[in-house]
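Here's protein-v2.pdb, which has PDB, C-alpha atoms:
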ATOM      1  CA  GLY C   1       0.000   0.000   0.000
ATOM      2  CA  GLU C   2       0.874   3.686  -0.070
ATOM      3  CA  ASN C   3       3.528   5.055   2.290
ATOM      4  CA  VAL C   4       4.047   8.791   2.833
ATOM      5  CA  GLU C   5       7.228  10.228   4.369
ATOM      6  CA  GLN C   6       7.266  13.848   5.568
ATOM      7  CA  HIS C   7      10.247  16.067   6.463
ATOM      8  CA  PRO C   8      11.217  17.874   8.566
ATOM      9  CA  SER C   9       9.337  16.901  11.707
ATOM     10  CA  THR C  10       9.919  20.359  13.199
ATOM     11  CA  LEU C  11      10.723  23.659  11.512
ATOM     12  CA  SER C  12      11.383  27.092  12.998
ATOM     13  CA  VAL C  13      11.527  30.199  10.835
ATOM     14  CA  GLN C  14      11.680  33.927  11.446
ATOM     15  CA  GLU C  15       8.572  35.910  10.666
ATOM     16  CA  GLY C  16       8.647  36.998   7.050
ATOM     17  CA  ASP C  17      10.872  34.131   5.900
ATOM     18  CA  SER C  18       9.721  31.219   3.760
ATOM     19  CA  ALA C  19       9.013  27.691   4.961
ATOM     20  CA  VAL C  20       9.199  24.518   2.890
ATOM     21  CA  ILE C  21       7.884  21.093   3.896
ATOM     22  CA  LYS C  22       8.561  18.047   1.734
ATOM     23  CA  CYS C  23       6.787  14.729   1.310
ATOM     24  CA  THR C  24       7.570  11.616  -0.681
ATOM     25  CA  TYR C  25       5.162   8.849  -1.579
ATOM     26  CA  SER C  26       5.671   5.269  -2.676
ATOM     27  CA  ASP C  27       2.767   4.366  -4.964
ATOM     28  CA  SER C  28       3.132   5.808  -8.453
ATOM     29  CA  ALA C  29      -0.639   5.413  -8.930
ATOM     30  CA  SER C  30      -1.336   8.120  -6.320
ATOM     31  CA  ASN C  31      -2.942  11.121  -7.942
ATOM     32  CA  TYR C  32      -4.333  13.368  -5.200
ATOM     33  CA  PHE C  33      -2.141  15.257  -2.716
ATOM     34  CA  PRO C  34      -3.786  17.475  -0.073
ATOM     35  CA  TRP C  35      -2.156  19.457   2.706
ATOM     36  CA  TYR C  36      -3.811  19.948   6.070
ATOM     37  CA  LYS C  37      -3.076  22.445   8.852
ATOM     38  CA  GLN C  38      -3.818  21.550  12.462
ATOM     39  CA  GLU C  39      -3.886  24.327  15.031
ATOM     40  CA  LEU C  40      -3.785  23.676  18.739
ATOM     41  CA  GLY C  41      -7.052  22.215  20.015
ATOM     42  CA  LYS C  42      -8.515  21.783  16.537
ATOM     43  CA  GLY C  43      -8.795  19.070  13.946
ATOM     44  CA  PRO C  44      -6.786  19.228  10.688
ATOM     45  CA  GLN C  45      -8.175  21.565   8.022
ATOM     46  CA  LEU C  46      -7.470  21.427   4.295
ATOM     47  CA  ILE C  47      -5.378  24.385   3.123
ATOM     48  CA  ILE C  48      -4.456  23.393  -0.420
ATOM     49  CA  ASP C  49      -4.423  20.332  -2.643
ATOM     50  CA  ILE C  50      -3.013  19.290  -5.992
ATOM     51  CA  ARG C  51      -3.876  16.594  -8.470
ATOM     52  CA  SER C  52      -1.476  14.700 -10.648
ATOM     53  CA  ASN C  53      -2.336  16.517 -13.848
ATOM     54  CA  VAL C  54      -0.678  19.750 -12.655
ATOM     55  CA  GLY C  55       2.808  20.542 -11.366
ATOM     56  CA  GLU C  56       2.121  23.582  -9.196
ATOM     57  CA  LYS C  57      -0.764  25.346  -7.523
ATOM     58  CA  LYS C  58      -0.805  28.639  -5.618
ATOM     59  CA  ASP C  59      -3.202  30.260  -3.215
ATOM     60  CA  GLN C  60      -1.957  33.615  -1.921
ATOM     61  CA  ARG C  61       1.051  32.874   0.319
ATOM     62  CA  ILE C  62       0.937  29.104   0.014
ATOM     63  CA  ALA C  63       1.893  26.929  -2.924
ATOM     64  CA  VAL C  64       2.293  23.229  -3.582
ATOM     65  CA  THR C  65       4.571  21.648  -6.155
ATOM     66  CA  LEU C  66       4.428  18.080  -7.441
ATOM     67  CA  ASN C  67       7.141  16.025  -9.114
ATOM     68  CA  LYS C  68       5.535  12.788 -10.258
ATOM     69  CA  THR C  69       8.744  11.361 -11.661
ATOM     70  CA  ALA C  70      10.509  11.674  -8.317
ATOM     71  CA  LYS C  71       7.312  10.955  -6.384
ATOM     72  CA  HIS C  72       7.559  13.960  -4.112
ATOM     73  CA  PHE C  73       5.531  17.053  -3.400
ATOM     74  CA  SER C  74       6.210  20.131  -1.306
ATOM     75  CA  LEU C  75       4.374  22.871   0.546
ATOM     76  CA  HIS C  76       5.791  26.385   0.316
ATOM     77  CA  ILE C  77       4.693  29.191   2.624
ATOM     78  CA  THR C  78       6.042  32.651   1.854
ATOM     79  CA  GLU C  79       6.117  35.721   4.102
ATOM     80  CA  THR C  80       5.365  33.598   7.149
ATOM     81  CA  GLN C  81       3.316  35.060   9.978
ATOM     82  CA  PRO C  82       2.899  33.930  13.603
ATOM     83  CA  GLU C  83      -0.565  32.583  12.790
ATOM     84  CA  ASP C  84       1.063  30.115  10.391
ATOM     85  CA  SER C  85       2.438  28.284  13.443
ATOM     86  CA  ALA C  86       0.737  24.869  13.475
ATOM     87  CA  VAL C  87       1.273  21.237  12.544
ATOM     88  CA  TYR C  88       1.081  20.568   8.805
ATOM     89  CA  PHE C  89       0.221  17.170   7.319
ATOM     90  CA  CYS C  90       0.648  15.990   3.778
ATOM     91  CA  ALA C  91      -1.390  13.103   2.375
ATOM     92  CA  ALA C  92      -1.674  11.040  -0.774
ATOM     93  CA  SER C  93      -4.272   8.799  -2.279
ATOM     94  CA  ILE C  94      -5.178   6.752  -5.302
ATOM     95  CA  ARG C  95      -8.316   7.404  -7.262
ATOM     96  CA  GLY C  96     -11.297   5.400  -6.130
ATOM     97  CA  ASN C  97     -12.277   4.239  -2.672
ATOM     98  CA  THR C  98      -8.863   4.055  -1.035
ATOM     99  CA  PRO C  99      -8.787   6.657   1.767
ATOM    100  CA  LEU C 100      -5.993   9.173   2.248
ATOM    101  CA  VAL C 101      -2.621   8.131   3.703
ATOM    102  CA  PHE C 102      -1.095  10.860   5.878
ATOM    103  CA  GLY C 103       2.494  11.826   6.676
ATOM    104  CA  LYS C 104       3.623  12.165  10.300
ATOM    105  CA  GLY C 105       3.313  15.927  10.324
ATOM    106  CA  THR C 106       5.619  18.943  10.589
ATOM    107  CA  ARG C 107       5.407  21.333  13.527
ATOM    108  CA  LEU C 108       6.063  24.808  12.142
ATOM    109  CA  SER C 109       6.970  27.611  14.530
ATOM    110  CA  VAL C 110       7.106  31.168  13.214
ATOM    111  CA  ILE C 111       9.153  33.361  15.516
ATOM    112  CA  ALA C 112       8.139  37.005  15.697
TER     113      ALA C 112
ATOM    114  CA  GLU T   1     -16.255  25.668  12.615
ATOM    115  CA  THR T   2     -15.924  22.896  10.023
ATOM    116  CA  GLY T   3     -19.462  21.518  10.362
ATOM    117  CA  VAL T   4     -18.254  18.429  12.227
ATOM    118  CA  THR T   5     -18.822  18.303  15.981
ATOM    119  CA  GLN T   6     -17.488  15.812  18.489
ATOM    120  CA  THR T   7     -18.475  15.116  22.081
ATOM    121  CA  PRO T   8     -17.094  14.918  24.619
ATOM    122  CA  ARG T   9     -13.994  17.032  23.969
ATOM    123  CA  HIS T  10     -12.144  15.391  26.856
ATOM    124  CA  LEU T  11     -12.653  11.986  28.453
ATOM    125  CA  VAL T  12     -10.838  10.217  31.258
ATOM    126  CA  MET T  13     -11.748   6.594  31.840
ATOM    127  CA  GLY T  14     -10.528   3.560  33.704
ATOM    128  CA  MET T  15      -9.645   0.346  31.956
ATOM    129  CA  THR T  16     -12.874  -1.337  33.061
ATOM    130  CA  ASN T  17     -15.206   1.480  31.972
ATOM    131  CA  LYS T  18     -17.477   1.595  28.958
ATOM    132  CA  LYS T  19     -17.876   4.928  27.198
ATOM    133  CA  SER T  20     -18.887   6.234  23.786
ATOM    134  CA  LEU T  21     -17.582   9.020  21.574
ATOM    135  CA  LYS T  22     -20.050  10.858  19.364
ATOM    136  CA  CYS T  23     -19.560  12.621  16.059
ATOM    137  CA  GLU T  24     -22.119  14.590  14.077
ATOM    138  CA  GLN T  25     -21.703  16.260  10.700
ATOM    139  CA  HIS T  26     -23.930  19.021   9.353
ATOM    140  CA  LEU T  27     -22.507  19.045   5.817
ATOM    141  CA  GLY T  28     -24.753  16.547   4.063
ATOM    142  CA  HIS T  29     -21.826  14.192   3.513
ATOM    143  CA  ASN T  30     -22.097  10.466   2.912
ATOM    144  CA  ALA T  31     -18.801   9.172   4.298
ATOM    145  CA  MET T  32     -17.544   9.343   7.880
ATOM    146  CA  TYR T  33     -14.221   8.348   9.386
ATOM    147  CA  TRP T  34     -12.602   7.650  12.759
ATOM    148  CA  TYR T  35      -8.897   8.418  13.164
ATOM    149  CA  LYS T  36      -6.520   7.960  16.086
ATOM    150  CA  GLN T  37      -3.854  10.639  16.537
ATOM    151  CA  SER T  38      -0.948   9.823  18.851
ATOM    152  CA  ALA T  39       2.144  11.891  19.473
ATOM    153  CA  LYS T  40       4.838  11.503  16.805
ATOM    154  CA  LYS T  41       2.779   9.094  14.711
ATOM    155  CA  PRO T  42       0.852   9.586  11.494
ATOM    156  CA  LEU T  43      -2.883   9.892  11.625
ATOM    157  CA  GLU T  44      -4.126   6.308  11.915
ATOM    158  CA  LEU T  45      -7.314   5.530  10.046
ATOM    159  CA  MET T  46      -9.499   3.251  12.148
ATOM    160  CA  PHE T  47     -12.871   2.953  10.436
ATOM    161  CA  VAL T  48     -14.665   4.281   7.369
ATOM    162  CA  TYR T  49     -18.378   4.314   6.704
ATOM    163  CA  ASN T  50     -19.594   5.083   3.211
ATOM    164  CA  PHE T  51     -23.361   5.504   2.898
ATOM    165  CA  LYS T  52     -23.702   3.886   6.353
ATOM    166  CA  GLU T  53     -21.798   0.762   5.292
ATOM    167  CA  GLN T  54     -18.463   0.029   6.930
ATOM    168  CA  THR T  55     -15.845  -0.116   4.181
ATOM    169  CA  GLU T  56     -12.604  -0.004   6.174
ATOM    170  CA  ASN T  57     -11.503  -1.611   9.411
ATOM    171  CA  ASN T  58      -7.761  -1.246   9.705
ATOM    172  CA  SER T  59      -7.049  -4.106  12.109
ATOM    173  CA  VAL T  60      -8.535  -2.190  14.993
ATOM    174  CA  PRO T  61      -8.856  -4.149  18.270
ATOM    175  CA  SER T  62     -12.359  -5.276  19.132
ATOM    176  CA  ARG T  63     -12.366  -3.069  22.248
ATOM    177  CA  PHE T  64     -13.224  -0.276  19.757
ATOM    178  CA  SER T  65     -16.662  -0.730  18.230
ATOM    179  CA  PRO T  66     -18.037   1.771  15.686
ATOM    180  CA  GLU T  67     -21.668   2.482  14.957
ATOM    181  CA  CYS T  68     -23.134   4.557  12.146
ATOM    182  CA  PRO T  69     -26.926   4.789  12.507
ATOM    183  CA  ASN T  70     -27.255   7.326   9.677
ATOM    184  CA  SER T  71     -25.054   9.431   7.406
ATOM    185  CA  SER T  72     -24.912  12.296   9.906
ATOM    186  CA  HIS T  73     -23.928  10.436  13.068
ATOM    187  CA  LEU T  74     -20.998   8.234  13.988
ATOM    188  CA  PHE T  75     -20.192   6.666  17.336
ATOM    189  CA  LEU T  76     -17.144   4.928  18.728
ATOM    190  CA  HIS T  77     -17.962   2.621  21.622
ATOM    191  CA  LEU T  78     -15.075   1.939  23.984
ATOM    192  CA  HIS T  79     -14.676  -0.888  26.499
ATOM    193  CA  THR T  80     -11.810  -2.415  28.472
ATOM    194  CA  LEU T  81      -9.301   0.002  26.951
ATOM    195  CA  GLN T  82      -5.569   0.011  27.656
ATOM    196  CA  PRO T  83      -3.392   2.977  28.666
ATOM    197  CA  GLU T  84      -1.768   2.894  25.199
ATOM    198  CA  ASP T  85      -5.180   3.748  23.736
ATOM    199  CA  SER T  86      -4.841   7.254  25.188
ATOM    200  CA  ALA T  87      -4.829   9.611  22.201
ATOM    201  CA  LEU T  88      -6.812  12.234  20.314
ATOM    202  CA  TYR T  89      -9.661  10.597  18.418
ATOM    203  CA  LEU T  90     -10.703  12.524  15.353
ATOM    204  CA  CYS T  91     -13.851  12.189  13.327
ATOM    205  CA  ALA T  92     -14.045  13.354   9.715
ATOM    206  CA  SER T  93     -16.593  13.376   6.933
ATOM    207  CA  SER T  94     -16.485  13.713   3.157
ATOM    208  CA  GLN T  95     -18.893  13.944   0.269
ATOM    209  CA  ALA T  96     -17.962  10.539  -1.242
ATOM    210  CA  SER T  97     -19.040  11.750  -4.662
ATOM    211  CA  ARG T  98     -15.766  11.018  -6.471
ATOM    212  CA  GLY T  99     -14.545   8.137  -4.391
ATOM    213  CA  LEU T 100     -13.013   8.371  -0.943
ATOM    214  CA  GLY T 101      -9.477   8.774  -2.200
ATOM    215  CA  THR T 102      -9.969  12.171  -3.792
ATOM    216  CA  ASP T 103     -12.497  13.534  -1.327
ATOM    217  CA  THR T 104     -11.709  16.510   0.858
ATOM    218  CA  GLN T 105     -12.121  15.390   4.437
ATOM    219  CA  TYR T 106     -13.509  17.778   7.040
ATOM    220  CA  PHE T 107     -12.356  17.059  10.570
ATOM    221  CA  GLY T 108     -13.966  17.666  13.918
ATOM    222  CA  PRO T 109     -11.971  19.051  16.865
ATOM    223  CA  GLY T 110     -11.371  15.615  18.354
ATOM    224  CA  THR T 111     -11.882  13.923  21.713
ATOM    225  CA  ARG T 112      -8.825  13.813  23.961
ATOM    226  CA  LEU T 113      -9.015  10.388  25.617
ATOM    227  CA  THR T 114      -6.974   9.400  28.658
ATOM    228  CA  VAL T 115      -7.102   5.810  29.868
ATOM    229  CA  LEU T 116      -5.907   5.317  33.439
TER     230      LEU T 116
END

Starting from the file, give its structure as structure tokens.
Amino acid sequence: GENVEQHPSTLSVQEGDSAVIKCTYSDSASNYFPWYKQELGKGPQLIIDIRSNVGEKKDQRIAVTLNKTAKHFSLHITETQPEDSAVYFCAASIRGNTPLVFGKGTRLSVIA
Amino acid sequence: ETGVTQTPRHLVMGMTNKKSLKCEQHLGHNAMYWYKQSAKKPLELMFVYNFKEQTENNSVPSRFSPECPNSSHLFLHLHTLQPEDSALYLCASSQASRGLGTDTQYFGPGTRLTVL
């Protein structure tokens, strides 16, 4: 089955700097790659996703890139703000009725 | 608010107790999920219900028993738990219109369970 590896497990950046979180997946048939943000005391919430027919997607300060050949995808956050501090999870899945497989998460701390 | 509510938010129970976790979604979705979230581990999928039918049971011990009486409600019945079962239990729902794999999942806030 699918296996998703996520790095780093913790990341600290200065406010205003960029943050990058990387994930690799094992099953070349995976075609859907969402990213979730989990704030303290809350459940994970979808922030951006990408499907295998595109290489990059942007939404204001966040972007996701996908390299299907290398089987990895990354989350990029620019101009980080303290409210970006949270745990971020990547996930991957195959079309059909196989549920998402999640990475272990990255705890991002943005230092003011 | 994501439209998915969970009660209770915190639960402390002894190993001989029986308790239930409740999840309710107000999004009109057809699929509901239970996840276990432990420190330094990936989100562990426990159960999936799609149109009230259980479609996934990822080798979960029988001391966890799910129930899905309708598409809006999901329960997790707990009995004779172990201390290692202490974790955050998350409920999620999705539309299930394009298959579970490509569905956006909406999570509730979770129930923090402590087993003494």

**Message:** Just want the 10 Å neighbourhood of segment 84-89 of chain C, counted on all atoms listed in the file, with same-chain residues fewer than 2 positions away dropped. Output as an MDAnalysis selection string.
**Reply:** (chainID C and resid 6 9:13 15 19 21 23 34:40 44:47 75 77 79:82 91 102:111) or (chainID T and resid 42:43)

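Rounded to one decimal, atom CA of Arg51 of chain C and atom CA of Lys68 of chain C lie 10.3 Å from each other.
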
Let me know the residues the PyMOL selection byres ((chain T and resi 77) around 12) catches in the file above, as a short mmCIF file (atom, residue, chain, number, x, y, z; two decimals) with C-alpha atoms, in the coordinates of the input.
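Contents of part-v4.cif, freshly written:
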data_model
loop_
_atom_site.label_atom_id
_atom_site.label_comp_id
_atom_site.auth_asym_id
_atom_site.auth_seq_id
_atom_site.Cartn_x
_atom_site.Cartn_y
_atom_site.Cartn_z
CA ASN T 17 -15.21 1.48 31.97
CA LYS T 18 -17.48 1.60 28.96
CA LYS T 19 -17.88 4.93 27.20
CA SER T 20 -18.89 6.23 23.79
CA LEU T 21 -17.58 9.02 21.57
CA LYS T 22 -20.05 10.86 19.36
CA CYS T 23 -19.56 12.62 16.06
CA TRP T 34 -12.60 7.65 12.76
CA PRO T 61 -8.86 -4.15 18.27
CA SER T 62 -12.36 -5.28 19.13
CA ARG T 63 -12.37 -3.07 22.25
CA PHE T 64 -13.22 -0.28 19.76
CA SER T 65 -16.66 -0.73 18.23
CA PRO T 66 -18.04 1.77 15.69
CA GLU T 67 -21.67 2.48 14.96
CA CYS T 68 -23.13 4.56 12.15
CA LEU T 74 -21.00 8.23 13.99
CA PHE T 75 -20.19 6.67 17.34
CA LEU T 76 -17.14 4.93 18.73
CA LEU T 78 -15.08 1.94 23.98
CA HIS T 79 -14.68 -0.89 26.50
CA THR T 80 -11.81 -2.42 28.47
CA LEU T 81 -9.30 0.00 26.95
CA TYR T 89 -9.66 10.60 18.42
#

Check which residues of chain T sit at most 9 Å from chain C using only C-alpha atoms, and return one row each with the closest pair of atoms and their distance in Å to one decimal, ordered by chain and rising number, as CSV.
residue,atom,partner,partner_atom,distance
T:Thr2,CA,C:Gln45,CA,8.1
T:Lys40,CA,C:Lys104,CA,6.7
T:Lys41,CA,C:Lys104,CA,5.4
T:Pro42,CA,C:Lys104,CA,4.0
T:Leu43,CA,C:Phe102,CA,6.1
T:Glu44,CA,C:Phe102,CA,8.1
T:Leu45,CA,C:Val101,CA,8.3
T:Val48,CA,C:Pro99,CA,8.5
T:Thr55,CA,C:Asn97,CA,8.9
T:Glu56,CA,C:Pro99,CA,8.9
T:Leu90,CA,C:Gly43,CA,7.0
T:Cys91,CA,C:Gly43,CA,8.6
T:Ala92,CA,C:Gly43,CA,8.8
T:Ala96,CA,C:Asn97,CA,8.6
T:Arg98,CA,C:Gly96,CA,7.2
T:Gly99,CA,C:Gly96,CA,4.6
T:Leu100,CA,C:Asn97,CA,4.5
T:Gly101,CA,C:Pro99,CA,4.5
T:Thr102,CA,C:Tyr32,CA,5.9
T:Asp103,CA,C:Pro99,CA,8.4
T:Thr104,CA,C:Leu46,CA,7.3
T:Gln105,CA,C:Leu46,CA,7.6
T:Tyr106,CA,C:Gln45,CA,6.6
T:Phe107,CA,C:Gly43,CA,5.3
T:Gly108,CA,C:Gly43,CA,5.4
T:Pro109,CA,C:Gly43,CA,4.3
T:Gly110,CA,C:Gly43,CA,6.2

**Item:** Residues within 9 Å of Pro83 of chain T, all atoms listed in the file, excluding chain neighbours under 3 positions, as a list in words
**Value:** Gly14, Met15, Ser86, Thr114, Val115 and Leu116 of chain T

**Request:** Using the chain letters and numbers from the file, give me the residues hit by the PyMOL selection byres ((chain T and resi 87) around 8), as an NGL selection string.
**Result:** :T and (36-39 or 84-86 or 88-89 or 112-114)

Around all listed atoms of segment 71-86 of chain C, padded 8 Å per side, what centre and edge lengths does the axis-aligned box have in Å to one decimal, as JSON?
{"center_x": 3.5, "center_y": 23.3, "center_z": 3.6, "size_x": 24.1, "size_y": 40.8, "size_z": 36.0}

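Here atom CA of Cys90 of chain C stands at a distance of 18.3 Å from atom CA of Met46 of chain T.
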
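You will find atom CA of Phe47 of chain T at 5.7 Å from atom CA of Tyr33 of chain T.
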
**Message:** Can you pull out the residues contacting Asp59 of chain C? Cut-off 9 Å, using all atoms listed in the file, and skip same-chain residues under 4 positions away; I want them as an MDAnalysis selection string.
**Reply:** chainID C and resid 47:48 63:64

**Asked** Taking (-20.2, 12.4, 4.8) in the file's coordinates as the center, which residues reach within 6 Å of it, counting only C-alpha atoms, put as number ranges by chain?
**Response** T: 29-32, 93-95

**Message:** Starting from the PyMOL selection byres ((chain C and resi 69) around 12), expand the selection into actual residues of this file and give them as a VMD selection string.
**Reply:** chain C and resid 24 to 30 52 55 66 to 68 70 to 73
